[in-house]
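Asker: Take a look at target-v1.cif, mmCIF, C-alpha atoms and all ligand atoms:
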data_input
#
loop_
_atom_site.group_PDB
_atom_site.id
_atom_site.type_symbol
_atom_site.label_atom_id
_atom_site.label_comp_id
_atom_site.auth_asym_id
_atom_site.auth_seq_id
_atom_site.Cartn_x
_atom_site.Cartn_y
_atom_site.Cartn_z
ATOM 1 C CA MET A 1 103.721 128.882 73.010
ATOM 2 C CA ILE A 2 106.400 131.551 72.960
ATOM 3 C CA GLN A 3 106.434 134.512 70.652
ATOM 4 C CA LEU A 4 109.106 137.185 70.400
ATOM 5 C CA ASN A 5 108.525 140.320 68.353
ATOM 6 C CA ASP A 6 111.382 142.611 67.328
ATOM 7 C CA ILE A 7 113.436 142.021 70.457
ATOM 8 C CA SER A 8 116.544 144.196 70.704
ATOM 9 C CA LYS A 9 119.038 144.382 73.532
ATOM 10 C CA ILE A 10 121.806 146.933 73.703
ATOM 11 C CA TYR A 11 124.662 146.631 76.192
ATOM 12 C CA LYS A 12 127.576 148.984 76.715
ATOM 13 C CA ILE A 13 131.298 148.229 76.617
ATOM 14 C CA ASN A 14 133.402 151.084 78.009
ATOM 15 C CA GLY A 15 130.447 153.390 77.512
ATOM 16 C CA GLU A 16 130.070 152.366 73.850
ATOM 17 C CA PRO A 17 126.689 150.791 73.043
ATOM 18 C CA PHE A 18 126.563 147.539 71.062
ATOM 19 C CA TYR A 19 123.730 145.249 70.052
ATOM 20 C CA ALA A 20 123.549 141.869 71.792
ATOM 21 C CA LEU A 21 120.312 141.166 69.898
ATOM 22 C CA ASN A 22 118.857 143.179 67.041
ATOM 23 C CA LYS A 23 115.150 142.882 66.163
ATOM 24 C CA VAL A 24 114.797 139.192 66.907
ATOM 25 C CA SER A 25 111.394 137.715 66.065
ATOM 26 C CA LEU A 26 110.467 134.078 66.444
ATOM 27 C CA GLN A 27 107.745 131.686 67.414
ATOM 28 C CA ILE A 28 108.096 128.407 69.285
ATOM 29 C CA GLU A 29 105.264 125.907 69.017
ATOM 30 C CA LYS A 30 103.984 123.577 71.716
ATOM 31 C CA GLY A 31 106.060 120.395 72.034
ATOM 32 C CA GLU A 32 108.943 121.801 70.034
ATOM 33 C CA MET A 33 112.409 120.827 71.297
ATOM 34 C CA VAL A 34 114.783 123.544 70.257
ATOM 35 C CA ALA A 35 118.565 123.446 70.264
ATOM 36 C CA VAL A 36 119.886 126.981 70.721
ATOM 37 C CA ARG A 37 123.228 127.423 68.992
ATOM 38 C CA GLY A 38 125.676 130.241 68.478
ATOM 39 C CA ARG A 39 129.266 131.075 69.322
ATOM 40 C CA SER A 40 130.206 132.241 72.808
ATOM 41 C CA GLY A 41 128.904 135.768 73.368
ATOM 42 C CA ALA A 42 126.326 135.487 70.573
ATOM 43 C CA GLY A 43 123.451 136.384 72.909
ATOM 44 C CA LYS A 44 121.985 132.981 73.797
ATOM 45 C CA SER A 45 121.833 133.513 77.562
ATOM 46 C CA THR A 46 120.585 137.064 77.014
ATOM 47 C CA LEU A 47 117.725 135.680 74.918
ATOM 48 C CA PHE A 48 116.735 133.269 77.720
ATOM 49 C CA SER A 49 116.870 136.033 80.334
ATOM 50 C CA ILE A 50 114.616 138.165 78.152
ATOM 51 C CA ILE A 51 112.106 135.316 77.713
ATOM 52 C CA MET A 52 112.110 134.864 81.509
ATOM 53 C CA GLY A 53 111.706 138.598 82.105
ATOM 54 C CA SER A 54 114.820 138.911 84.265
ATOM 55 C CA VAL A 55 116.425 141.158 81.615
ATOM 56 C CA SER A 56 114.227 143.705 79.891
ATOM 57 C CA PRO A 57 114.750 144.269 76.168
ATOM 58 C CA ASP A 58 115.374 147.763 74.778
ATOM 59 C CA SER A 59 112.578 147.166 72.300
ATOM 60 C CA GLY A 60 110.055 144.514 71.342
ATOM 61 C CA ASN A 61 107.922 142.176 73.397
ATOM 62 C CA VAL A 62 107.636 138.600 74.604
ATOM 63 C CA TYR A 63 104.407 136.622 74.734
ATOM 64 C CA ILE A 64 104.005 133.341 76.556
ATOM 65 C CA ALA A 65 100.725 131.527 75.977
ATOM 66 C CA LYS A 66 98.302 132.034 78.842
ATOM 67 C CA GLY A 67 98.216 129.444 81.595
ATOM 68 C CA TYR A 68 101.568 127.828 80.776
ATOM 69 C CA SER A 69 104.320 127.594 83.369
ATOM 70 C CA VAL A 70 107.982 128.152 82.558
ATOM 71 C CA GLY A 71 111.042 126.630 84.241
ATOM 72 C CA TYR A 72 114.504 128.066 83.724
ATOM 73 C CA LEU A 73 117.950 126.732 84.532
ATOM 74 C CA ALA A 74 120.387 129.639 84.332
ATOM 75 C CA GLN A 75 123.950 129.073 83.128
ATOM 76 C CA ASN A 76 125.925 127.833 86.174
ATOM 77 C CA ALA A 77 122.897 128.295 88.457
ATOM 78 C CA ILE A 78 123.895 127.779 92.071
ATOM 79 C CA ILE A 79 121.611 127.133 95.023
ATOM 80 C CA ASP A 80 122.767 128.533 98.330
ATOM 81 C CA SER A 81 120.997 126.675 101.118
ATOM 82 C CA ASP A 82 121.635 125.143 104.529
ATOM 83 C CA ARG A 83 118.799 122.686 104.021
ATOM 84 C CA THR A 84 119.418 119.079 103.062
ATOM 85 C CA LEU A 85 119.236 118.119 99.390
ATOM 86 C CA PHE A 86 115.961 116.351 99.958
ATOM 87 C CA ASP A 87 114.367 119.283 101.817
ATOM 88 C CA GLU A 88 115.595 121.639 99.117
ATOM 89 C CA MET A 89 113.900 119.386 96.584
ATOM 90 C CA LEU A 90 110.658 119.379 98.600
ATOM 91 C CA ASP A 91 110.772 123.170 98.392
ATOM 92 C CA ALA A 92 109.970 122.765 94.680
ATOM 93 C CA GLN A 93 106.858 120.825 95.730
ATOM 94 C CA SER A 94 105.670 123.274 98.392
ATOM 95 C CA GLU A 95 101.992 123.000 97.320
ATOM 96 C CA MET A 96 102.116 119.260 97.993
ATOM 97 C CA VAL A 97 103.834 119.716 101.356
ATOM 98 C CA ALA A 98 101.217 122.305 102.401
ATOM 99 C CA LEU A 99 98.348 120.074 101.311
ATOM 100 C CA GLU A 100 99.865 117.170 103.217
ATOM 101 C CA LYS A 101 100.037 119.248 106.400
ATOM 102 C CA LYS A 102 96.440 120.389 105.954
ATOM 103 C CA ILE A 103 95.310 116.787 105.531
ATOM 104 C CA ALA A 104 97.105 115.702 108.714
ATOM 105 C CA LEU A 105 95.346 118.459 110.691
ATOM 106 C CA LEU A 106 91.943 117.601 109.212
ATOM 107 C CA ARG A 107 92.482 113.933 109.986
ATOM 108 C CA GLU A 108 93.174 114.742 113.635
ATOM 109 C CA LYS A 109 90.003 116.839 113.847
ATOM 110 C CA ALA A 110 87.946 114.185 112.039
ATOM 111 C CA GLU A 111 89.198 111.505 114.396
ATOM 112 C CA SER A 112 88.093 113.569 117.374
ATOM 113 C CA GLY A 113 84.531 113.615 115.979
ATOM 114 C CA ASP A 114 84.428 116.823 113.886
ATOM 115 C CA GLU A 115 82.074 115.948 111.000
ATOM 116 C CA ASP A 116 82.808 119.037 108.870
ATOM 117 C CA ALA A 117 86.497 118.249 109.127
ATOM 118 C CA SER A 118 85.755 114.699 108.099
ATOM 119 C CA ILE A 119 84.115 115.844 104.837
ATOM 120 C CA GLU A 120 86.846 118.367 104.203
ATOM 121 C CA PHE A 121 89.433 115.668 104.853
ATOM 122 C CA SER A 122 87.888 113.387 102.235
ATOM 123 C CA LEU A 123 87.899 116.138 99.605
ATOM 124 C CA ALA A 124 91.444 117.252 100.371
ATOM 125 C CA HIS A 125 92.685 113.673 100.396
ATOM 126 C CA GLU A 126 91.051 112.961 97.052
ATOM 127 C CA LYS A 127 92.750 116.002 95.509
ATOM 128 C CA PHE A 128 96.054 115.015 97.104
ATOM 129 C CA VAL A 129 95.928 111.539 95.584
ATOM 130 C CA ALA A 130 94.800 112.865 92.176
ATOM 131 C CA ASP A 131 97.715 115.341 92.132
ATOM 132 C CA GLY A 132 100.223 112.573 92.734
ATOM 133 C CA GLY A 133 100.522 113.123 96.476
ATOM 134 C CA LEU A 134 101.344 109.505 97.174
ATOM 135 C CA GLU A 135 104.258 109.507 94.782
ATOM 136 C CA TYR A 136 105.836 112.941 94.994
ATOM 137 C CA ARG A 137 108.410 112.151 97.688
ATOM 138 C CA GLY A 138 109.476 109.082 95.760
ATOM 139 C CA ARG A 139 109.700 111.162 92.589
ATOM 140 C CA CYS A 140 111.918 113.704 94.378
ATOM 141 C CA ARG A 141 114.202 110.914 95.581
ATOM 142 C CA GLY A 142 114.199 109.269 92.166
ATOM 143 C CA ILE A 143 115.193 112.411 90.263
ATOM 144 C CA LEU A 144 117.955 113.161 92.782
ATOM 145 C CA ALA A 145 119.218 109.585 92.510
ATOM 146 C CA SER A 146 119.190 109.779 88.698
ATOM 147 C CA LEU A 147 121.345 112.899 88.887
ATOM 148 C CA GLY A 148 123.891 111.083 91.024
ATOM 149 C CA PHE A 149 122.786 111.761 94.612
ATOM 150 C CA ASN A 150 122.349 108.586 96.631
ATOM 151 C CA ASP A 151 120.193 108.390 99.787
ATOM 152 C CA GLN A 152 123.086 109.281 102.035
ATOM 153 C CA MET A 153 123.904 112.402 100.019
ATOM 154 C CA GLN A 154 120.245 113.408 99.975
ATOM 155 C CA SER A 155 120.411 114.068 103.720
ATOM 156 C CA MET A 156 123.513 116.251 103.455
ATOM 157 C CA PRO A 157 123.255 120.057 103.479
ATOM 158 C CA VAL A 158 123.261 121.634 100.003
ATOM 159 C CA ASN A 159 126.043 123.993 101.035
ATOM 160 C CA SER A 160 128.405 121.085 101.599
ATOM 161 C CA LEU A 161 128.304 120.324 97.857
ATOM 162 C CA SER A 162 130.540 121.526 95.033
ATOM 163 C CA GLY A 163 129.418 124.217 92.579
ATOM 164 C CA GLY A 164 128.663 121.681 89.846
ATOM 165 C CA GLN A 165 126.594 119.577 92.231
ATOM 166 C CA LYS A 166 124.621 122.673 93.259
ATOM 167 C CA THR A 167 123.793 123.271 89.598
ATOM 168 C CA ARG A 168 122.516 119.699 89.405
ATOM 169 C CA ILE A 169 120.199 120.368 92.371
ATOM 170 C CA ALA A 170 118.888 123.437 90.551
ATOM 171 C CA LEU A 171 118.168 121.239 87.521
ATOM 172 C CA ALA A 172 116.440 118.599 89.677
ATOM 173 C CA LYS A 173 114.179 121.255 91.243
ATOM 174 C CA ILE A 174 113.064 122.488 87.836
ATOM 175 C CA LEU A 175 112.405 119.026 86.417
ATOM 176 C CA VAL A 176 110.377 117.804 89.395
ATOM 177 C CA ARG A 177 107.862 120.625 88.874
ATOM 178 C CA GLU A 178 107.315 119.599 85.242
ATOM 179 C CA PRO A 179 106.703 123.084 83.848
ATOM 180 C CA ASP A 180 105.114 123.332 80.370
ATOM 181 C CA ILE A 181 108.088 125.195 78.914
ATOM 182 C CA ILE A 182 111.630 124.413 80.058
ATOM 183 C CA LEU A 183 114.640 126.597 79.264
ATOM 184 C CA LEU A 184 117.997 124.984 80.002
ATOM 185 C CA ASP A 185 121.210 127.013 79.673
ATOM 186 C CA GLU A 186 124.130 124.588 79.347
ATOM 187 C CA PRO A 187 122.544 121.816 81.460
ATOM 188 C CA THR A 188 125.103 119.119 80.678
ATOM 189 C CA ASN A 189 128.217 121.035 81.774
ATOM 190 C CA HIS A 190 128.037 119.625 85.289
ATOM 191 C CA LEU A 191 126.627 116.188 84.498
ATOM 192 C CA ASP A 192 128.418 112.858 84.210
ATOM 193 C CA VAL A 193 127.706 110.427 81.358
ATOM 194 C CA GLU A 194 124.973 108.511 83.224
ATOM 195 C CA SER A 195 123.166 111.702 84.243
ATOM 196 C CA ILE A 196 123.275 113.015 80.675
ATOM 197 C CA ALA A 197 121.784 109.736 79.439
ATOM 198 C CA TRP A 198 119.070 110.021 82.083
ATOM 199 C CA LEU A 199 118.328 113.655 81.154
ATOM 200 C CA GLU A 200 118.025 112.651 77.487
ATOM 201 C CA LYS A 201 115.403 110.060 78.370
ATOM 202 C CA PHE A 202 113.605 112.484 80.697
ATOM 203 C CA ILE A 203 113.358 115.110 77.960
ATOM 204 C CA LEU A 204 112.222 112.630 75.298
ATOM 205 C CA ASN A 205 109.524 111.181 77.574
ATOM 206 C CA SER A 206 108.244 114.455 78.974
ATOM 207 C CA LYS A 207 106.499 115.857 75.847
ATOM 208 C CA LYS A 208 107.064 119.413 77.098
ATOM 209 C CA THR A 209 108.414 122.362 75.147
ATOM 210 C CA PHE A 210 112.181 122.705 75.518
ATOM 211 C CA LEU A 211 114.777 125.319 74.607
ATOM 212 C CA ILE A 212 118.269 124.039 75.268
ATOM 213 C CA ILE A 213 121.593 125.834 74.996
ATOM 214 C CA SER A 214 124.386 123.274 74.794
ATOM 215 C CA HIS A 215 127.718 122.587 73.140
ATOM 216 C CA ASP A 216 127.193 118.845 73.452
ATOM 217 C CA ARG A 217 126.409 117.855 69.875
ATOM 218 C CA TYR A 218 125.459 114.260 70.641
ATOM 219 C CA PHE A 219 123.075 115.326 73.409
ATOM 220 C CA LEU A 220 121.447 118.008 71.250
ATOM 221 C CA CYS A 221 120.972 115.671 68.303
ATOM 222 C CA SER A 222 119.188 113.095 70.384
ATOM 223 C CA VAL A 223 116.752 115.436 72.148
ATOM 224 C CA THR A 224 115.944 118.282 69.768
ATOM 225 C CA ASN A 225 113.890 118.561 66.587
ATOM 226 C CA SER A 226 114.654 122.132 65.609
ATOM 227 C CA THR A 227 117.614 124.472 65.881
ATOM 228 C CA LEU A 228 117.639 128.149 66.747
ATOM 229 C CA GLU A 229 120.743 129.814 65.426
ATOM 230 C CA ILE A 230 121.864 133.043 67.089
ATOM 231 C CA GLU A 231 124.264 134.855 64.789
ATOM 232 C CA HIS A 232 125.021 138.507 64.026
ATOM 233 C CA CYS A 233 122.480 139.562 66.697
ATOM 234 C CA LYS A 234 119.697 137.747 64.820
ATOM 235 C CA ALA A 235 117.899 134.473 65.489
ATOM 236 C CA LYS A 236 116.830 131.998 62.823
ATOM 237 C CA LEU A 237 114.849 128.811 63.428
ATOM 238 C CA TYR A 238 115.686 125.715 61.345
ATOM 239 C CA ASN A 239 113.604 122.542 61.126
ATOM 240 C CA GLY A 240 115.367 119.368 62.147
ATOM 241 C CA ASN A 241 117.866 118.520 64.858
ATOM 242 C CA TYR A 242 121.385 119.861 65.134
ATOM 243 C CA ASP A 243 122.939 117.461 62.573
ATOM 244 C CA LYS A 244 120.261 118.400 60.046
ATOM 245 C CA TYR A 245 120.956 122.080 60.764
ATOM 246 C CA LEU A 246 124.693 121.590 60.126
ATOM 247 C CA GLU A 247 123.864 119.878 56.831
ATOM 248 C CA THR A 248 121.553 122.714 55.795
ATOM 249 C CA LYS A 249 124.215 125.287 56.730
ATOM 250 C CA LYS A 250 126.831 123.425 54.717
ATOM 251 C CA LYS A 251 124.585 123.360 51.642
ATOM 252 C CA ASP A 252 123.731 127.049 52.092
ATOM 253 C CA ARG A 253 127.434 127.874 52.230
ATOM 254 C CA GLU A 254 128.176 125.819 49.125
ATOM 255 C CA VAL A 255 125.441 127.663 47.214
ATOM 256 C CA LEU A 256 126.832 131.004 48.393
ATOM 257 C CA GLU A 257 130.384 130.024 47.438
ATOM 258 C CA HIS A 258 129.189 128.893 44.024
ATOM 259 C CA GLN A 259 127.337 132.188 43.533
ATOM 260 C CA TYR A 260 130.415 134.113 44.689
ATOM 261 C CA LYS A 261 132.717 132.291 42.249
ATOM 262 C CA ASN A 262 130.307 132.869 39.364
ATOM 263 C CA GLN A 263 130.084 136.507 40.310
ATOM 264 C CA GLN A 264 133.892 136.820 40.370
ATOM 265 C CA LYS A 265 134.094 135.188 36.933
ATOM 266 C CA GLU A 266 131.457 137.586 35.638
ATOM 267 C CA ILE A 267 133.355 140.582 37.091
ATOM 268 C CA ALA A 268 136.596 139.360 35.510
ATOM 269 C CA ARG A 269 134.836 138.891 32.180
ATOM 270 C CA ILE A 270 133.301 142.387 32.260
ATOM 271 C CA GLU A 271 136.629 143.937 33.306
ATOM 272 C CA ALA A 272 138.447 142.148 30.492
ATOM 273 C CA TYR A 273 135.831 143.367 28.055
HETATM 274 P P1 LIG B 301 126.096 133.654 75.111
HETATM 275 O O1 LIG B 301 125.197 133.111 76.165
HETATM 276 O O2 LIG B 301 125.619 133.371 73.723
HETATM 277 O O3 LIG B 301 127.521 133.224 75.297
HETATM 278 P P2 LIG B 301 125.450 136.218 76.327
HETATM 279 O O4 LIG B 301 123.989 136.356 76.083
HETATM 280 O O5 LIG B 301 125.872 135.842 77.685
HETATM 281 O O6 LIG B 301 126.096 135.259 75.222
HETATM 282 O O7 LIG B 301 126.141 137.611 75.968
HETATM 283 C C1 LIG B 301 125.942 138.287 74.719
HETATM 284 C C2 LIG B 301 126.814 139.532 74.692
HETATM 285 O O8 LIG B 301 126.334 140.486 75.617
HETATM 286 C C3 LIG B 301 128.272 139.273 75.067
HETATM 287 O O9 LIG B 301 129.092 140.110 74.285
HETATM 288 C C4 LIG B 301 128.325 139.669 76.521
HETATM 289 O O10 LIG B 301 129.616 140.092 76.885
HETATM 290 C C5 LIG B 301 127.331 140.801 76.581
HETATM 291 N N1 LIG B 301 126.663 140.923 77.885
HETATM 292 C C6 LIG B 301 125.896 139.980 78.471
HETATM 293 N N2 LIG B 301 125.394 140.427 79.631
HETATM 294 C C7 LIG B 301 125.882 141.681 79.789
HETATM 295 C C8 LIG B 301 125.728 142.697 80.783
HETATM 296 N N3 LIG B 301 124.953 142.488 81.865
HETATM 297 N N4 LIG B 301 126.366 143.876 80.601
HETATM 298 C C9 LIG B 301 127.111 144.099 79.497
HETATM 299 N N5 LIG B 301 127.281 143.208 78.522
HETATM 300 C C10 LIG B 301 126.685 142.008 78.652
HETATM 301 MG MG MG B 302 125.623 131.869 77.802
#
Please rewrite the model in this file as structure tokens.

Answerer:
Amino acid sequence: MIQLNDISKIYKINGEPFYALNKVSLQIEKGEMVAVRGRSGAGKSTLFSIIMGSVSPDSGNVYIAKGYSVGYLAQNAIIDSDRTLFDEMLDAQSEMVALEKKIALLREKAESGDEDASIEFSLAHEKFVADGGLEYRGRCRGILASLGFNDQMQSMPVNSLSGGQKTRIALAKILVREPDIILLDEPTNHLDVESIAWLEKFILNSKKTFLIISHDRYFLCSVTNSTLEIEHCKAKLYNGNYDKYLETKKKDREVLEHQYKNQQKEIARIEAY
């Protein structure tokens, strides 16, 4: 679904260039749920921005399988809007809103005896129903409610909310569109326990492809089945969720330590000789 070939990104600190990412290649398959891990400043957010095309790499290329949509929650994404929460949410369903308006117009014409409009109305209405037109407002309300916004809050202007709440609206807008590939950069930072539990269920039920940057170990373990480690400007994909990855890392380190000790012994032996 996503393929990166030899991606490098060079930034500058005080005029001195340094690599944020150095020849990163990887492939993410359909339905994979990837935990993206690495210390702060490792290049995780940079990698997401490059996949989304908002940051261009200094070398390499990104392929996203044809016909697949991508949704992206940036780290601390904030929506600046005077609209109400609910209207802001409808903005993520603009095709539905437009179709609904068209249907209302056609209905009026049909009712005043326009036969062409009547046929067109039937077709448009059929498509509307098939696309979930009867449920989408309820879905918008439901997702907002699950993220902690009750009906009363849903009619408040977005700009009256706190920064963390605005990030939650950004998350809601992405989820309601159900893109095929979803990139979430620290989604749980602004969520309470109930909302995190809801998001876990949402992700597990959605059967989409996910890449998730998070420091919440419990959350990652329950929703992911592979782990992308960003370290020393490189990316390495491990099978298994975050706990499995930690186990594998621990074993790898033990093997390396063992090899190191043997090597030291061998050096000491040769030196003594
Ligand atoms: P992470 O998300 O893993 O914490 P980032 O991708 O945000 O890391 O950053 C990786 C490195 O690149 C960091 O050292 C950061 O300071 C640097 N960096 C990120 N964006 C820029 C930028 N626009 N200009 C210069 N340096 C940047
Ligand atoms: Mg980051």

Asker: Please produce, as JSON lines, a per-residue contact table for range 134-195 of chain A versus range 62-76 of chain A (criterion: any atom at most 9 Å away, all atoms listed in the file considered), showing the nearest atom pair and its distance in Å to one decimal, sorted by chain then residue number.

Answerer:
{"residue": "A:Gly163", "atom": "CA", "partner": "A:Asn76", "partner_atom": "CA", "distance": 8.1}
{"residue": "A:Gly164", "atom": "CA", "partner": "A:Asn76", "partner_atom": "CA", "distance": 7.7}
{"residue": "A:Lys166", "atom": "CA", "partner": "A:Asn76", "partner_atom": "CA", "distance": 8.9}
{"residue": "A:Thr167", "atom": "CA", "partner": "A:Asn76", "partner_atom": "CA", "distance": 6.1}
{"residue": "A:Ala170", "atom": "CA", "partner": "A:Leu73", "partner_atom": "CA", "distance": 6.9}
{"residue": "A:Leu171", "atom": "CA", "partner": "A:Leu73", "partner_atom": "CA", "distance": 6.3}
{"residue": "A:Ile174", "atom": "CA", "partner": "A:Gly71", "partner_atom": "CA", "distance": 5.8}
{"residue": "A:Leu175", "atom": "CA", "partner": "A:Gly71", "partner_atom": "CA", "distance": 8.0}
{"residue": "A:Arg177", "atom": "CA", "partner": "A:Gly71", "partner_atom": "CA", "distance": 8.2}
{"residue": "A:Glu178", "atom": "CA", "partner": "A:Gly71", "partner_atom": "CA", "distance": 8.0}
{"residue": "A:Pro179", "atom": "CA", "partner": "A:Ser69", "partner_atom": "CA", "distance": 5.1}
{"residue": "A:Asp180", "atom": "CA", "partner": "A:Ser69", "partner_atom": "CA", "distance": 5.3}
{"residue": "A:Ile181", "atom": "CA", "partner": "A:Val70", "partner_atom": "CA", "distance": 4.7}
{"residue": "A:Ile182", "atom": "CA", "partner": "A:Gly71", "partner_atom": "CA", "distance": 4.8}
{"residue": "A:Leu183", "atom": "CA", "partner": "A:Tyr72", "partner_atom": "CA", "distance": 4.7}
{"residue": "A:Leu184", "atom": "CA", "partner": "A:Leu73", "partner_atom": "CA", "distance": 4.9}
{"residue": "A:Asp185", "atom": "CA", "partner": "A:Gln75", "partner_atom": "CA", "distance": 4.9}
{"residue": "A:Glu186", "atom": "CA", "partner": "A:Gln75", "partner_atom": "CA", "distance": 5.9}
{"residue": "A:Pro187", "atom": "CA", "partner": "A:Leu73", "partner_atom": "CA", "distance": 7.4}
{"residue": "A:Asn189", "atom": "CA", "partner": "A:Asn76", "partner_atom": "CA", "distance": 8.4}
{"residue": "A:His190", "atom": "CA", "partner": "A:Asn76", "partner_atom": "CA", "distance": 8.5}

Asker: List the neighbours of Thr224 in chain A out to 6 Å using all atoms listed in the file; skip same-chain residues closer than 3 positions along the sequence, and give me the result as a count of residues only.

Answerer: 6

Asker: Here is a test: counting all atoms listed in the file, which residue of A:Ala172, A:Arg107, A:Phe149, A:Thr188 is nearest to Ile119 in chain A?

Answerer: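 Comparing A:Ala172, A:Arg107, A:Phe149, A:Thr188 against Ile119 in chain A, the winner is A:Arg107.
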
Asker: List the neighbours of Cys140 in chain A out to 10 Å using only C-alpha atoms; skip same-chain residues closer than 3 positions along the sequence, and give me the result as a list in words.

Answerer: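 Counting only C-alpha atoms, the residues come to Leu85, Phe86, Asp87, Glu88, Met89, Leu90, Ala92, Gln93, Glu135, Tyr136, Arg137, Ile143, Leu144, Ala145, Ala172, Lys173, Leu175, Val176 and Arg177 of chain A.
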
Asker: Could you list the protein, DNA and RNA residues that have any atom within 12 Å of ligand LIG 301 (chain B), counting all atoms listed in the file, and write them as a ChimeraX atom specification?

Answerer: /A:8-22,36-50,54-57,74-76,184-186,212-215,228-235

Asker: Could you write out that same residue set with C-alpha atoms as an mmCIF file, in the coordinates of the input?

Answerer:
data_model
loop_
_atom_site.group_PDB
_atom_site.id
_atom_site.type_symbol
_atom_site.label_atom_id
_atom_site.label_comp_id
_atom_site.auth_asym_id
_atom_site.auth_seq_id
_atom_site.Cartn_x
_atom_site.Cartn_y
_atom_site.Cartn_z
ATOM 1 C CA SER A 8 116.544 144.196 70.704
ATOM 2 C CA LYS A 9 119.038 144.382 73.532
ATOM 3 C CA ILE A 10 121.806 146.933 73.703
ATOM 4 C CA TYR A 11 124.662 146.631 76.192
ATOM 5 C CA LYS A 12 127.576 148.984 76.715
ATOM 6 C CA ILE A 13 131.298 148.229 76.617
ATOM 7 C CA ASN A 14 133.402 151.084 78.009
ATOM 8 C CA GLY A 15 130.447 153.390 77.512
ATOM 9 C CA GLU A 16 130.070 152.366 73.850
ATOM 10 C CA PRO A 17 126.689 150.791 73.043
ATOM 11 C CA PHE A 18 126.563 147.539 71.062
ATOM 12 C CA TYR A 19 123.730 145.249 70.052
ATOM 13 C CA ALA A 20 123.549 141.869 71.792
ATOM 14 C CA LEU A 21 120.312 141.166 69.898
ATOM 15 C CA ASN A 22 118.857 143.179 67.041
ATOM 16 C CA VAL A 36 119.886 126.981 70.721
ATOM 17 C CA ARG A 37 123.228 127.423 68.992
ATOM 18 C CA GLY A 38 125.676 130.241 68.478
ATOM 19 C CA ARG A 39 129.266 131.075 69.322
ATOM 20 C CA SER A 40 130.206 132.241 72.808
ATOM 21 C CA GLY A 41 128.904 135.768 73.368
ATOM 22 C CA ALA A 42 126.326 135.487 70.573
ATOM 23 C CA GLY A 43 123.451 136.384 72.909
ATOM 24 C CA LYS A 44 121.985 132.981 73.797
ATOM 25 C CA SER A 45 121.833 133.513 77.562
ATOM 26 C CA THR A 46 120.585 137.064 77.014
ATOM 27 C CA LEU A 47 117.725 135.680 74.918
ATOM 28 C CA PHE A 48 116.735 133.269 77.720
ATOM 29 C CA SER A 49 116.870 136.033 80.334
ATOM 30 C CA ILE A 50 114.616 138.165 78.152
ATOM 31 C CA SER A 54 114.820 138.911 84.265
ATOM 32 C CA VAL A 55 116.425 141.158 81.615
ATOM 33 C CA SER A 56 114.227 143.705 79.891
ATOM 34 C CA PRO A 57 114.750 144.269 76.168
ATOM 35 C CA ALA A 74 120.387 129.639 84.332
ATOM 36 C CA GLN A 75 123.950 129.073 83.128
ATOM 37 C CA ASN A 76 125.925 127.833 86.174
ATOM 38 C CA LEU A 184 117.997 124.984 80.002
ATOM 39 C CA ASP A 185 121.210 127.013 79.673
ATOM 40 C CA GLU A 186 124.130 124.588 79.347
ATOM 41 C CA ILE A 212 118.269 124.039 75.268
ATOM 42 C CA ILE A 213 121.593 125.834 74.996
ATOM 43 C CA SER A 214 124.386 123.274 74.794
ATOM 44 C CA HIS A 215 127.718 122.587 73.140
ATOM 45 C CA LEU A 228 117.639 128.149 66.747
ATOM 46 C CA GLU A 229 120.743 129.814 65.426
ATOM 47 C CA ILE A 230 121.864 133.043 67.089
ATOM 48 C CA GLU A 231 124.264 134.855 64.789
ATOM 49 C CA HIS A 232 125.021 138.507 64.026
ATOM 50 C CA CYS A 233 122.480 139.562 66.697
ATOM 51 C CA LYS A 234 119.697 137.747 64.820
ATOM 52 C CA ALA A 235 117.899 134.473 65.489
#

Asker: If you measure from CA of Gly53 in chain A to CA of Ile28 in chain A, what distance in Å do you get, rounded to one decimal?

Answerer: 16.8 Å

Asker: Would you list the contacts of Lys23 in chain A as a PyMOL selection string, taking every protein, DNA or RNA residue within 8 Å and counting only C-alpha atoms, but skipping same-chain residues closer than 3 positions in sequence?

Answerer: chain A and resi 5-8+59-60+234

Asker: Can you pull out the residues contacting Phe121 in chain A? Cut-off 9 Å, using all atoms listed in the file, and skip same-chain residues under 2 positions away; I want them as a list in words.

Answerer: Lys102, Ile103, Ala104, Leu105, Leu106, Arg107, Ala110, Asp116, Ala117, Ser118, Ile119, Leu123, Ala124, His125 and Glu126 of chain A

Asker: What is the CA of Leu147 in chain A to CA of Ser195 in chain A distance in Å?

Answerer: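 Separation of CA of Leu147 in chain A and CA of Ser195 in chain A: 5.1 Å.
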
Asker: Do you have the CA of Asp131 in chain A-CA of Glu100 in chain A distance handy?

Answerer: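 Distance reported for this atom pair: 11.4 Å.
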
Asker: Identify, on the basis of only C-alpha atoms, every residue whose closest approach to Glu29 in chain A does not exceed 9 Å; exclude the query and any residue fewer than 6 positions from it along the same chain; express the result as an MDAnalysis selection string.

Answerer: chainID A and resid 1:3 209

Asker: I need every residue sitting at most 12 Å from the point (118.4, 112.6, 78.5) (coordinates as in the file, all atoms listed in the file considered), written as a count of residues only.

Answerer: 30

Asker: Which of these residues is nearest to Ser162 in chain A, using all atoms listed in the file: A:Ile79, A:Met52, A:Glu271, A:Thr248?

Answerer: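 With all atoms listed in the file as the atom set, the closest residue is A:Ile79.
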
Asker: May I have the centre and edge lengths, in Å to one decimal, of an axis-aligned box around the listed atoms of range 37-42 of chain A with 4 Å added to every side, as lines of an AutoDock Vina configuration file?

Answerer:
center_x = 126.7
center_y = 131.6
center_z = 70.9
size_x = 15.0
size_y = 16.3
size_z = 12.9

Asker: Which one is closest to ligand MG 302 (chain B): A:Asn61, A:Val255, A:Leu26, A:Ala77? Count only C-alpha atoms and all ligand atoms.

Answerer: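 Among the listed residues, the smallest separation from ligand MG 302 (chain B) belongs to A:Ala77.
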